[in-house]
Amino acid sequence: PPQWLLELRRDGPHPRPVVAAKLGVSISGLARGGVTEALTTEQIDALKQELPEWLQHERATQAEVRKENARIKAKKAAERDEQQS
């Protein structure tokens with residue numbers, strides 16, 4: 001890729017889905033936290049260092065969502081296994 005593209009990918013600004021992934025939250029969580037614009041890598045790193053309360057809360061929420069999704073997936077797999085037996 002060209003140099004400008006490598007720099008853009010490295011430094012941003014990054015679209016909200018990328019920002020959300022880098023912060024470990026959902027896109028909705030970003031909006032609840034007041035982040036509505038694209039952020040640079042430097043801005044994302046600053047948020048990680050500051051770790052504001054909204055970010056802590058949204059990370060915890062996202063962790064619960066992931067845990068629940070894993071539980072549902074395991075339950076469905078177990079149900080499939082029972083039906084095949």
# chains A, B, ... in the order shown; residues from 1 in each chain; ligands from 1
>>> residues_around(residues="Pro13 (chain A)", least_positions_apart="5", cutoff="8 Å", atoms="only C-alpha atoms", output="ChimeraX atom specification")
/A:8,38-41
>>> residues_around(residues="region 48-63 of chain A", least_positions_apart="3", cutoff="9 Å", atoms="only C-alpha atoms", output="list of chain:residue names")
A:Leu23, A:Gly24, A:Val25, A:Ser26, A:Gly29, A:Leu30, A:Arg32, A:Gly33, A:Gln43, A:Ile44, A:Asp45, A:Arg66, A:Lys67, A:Glu68
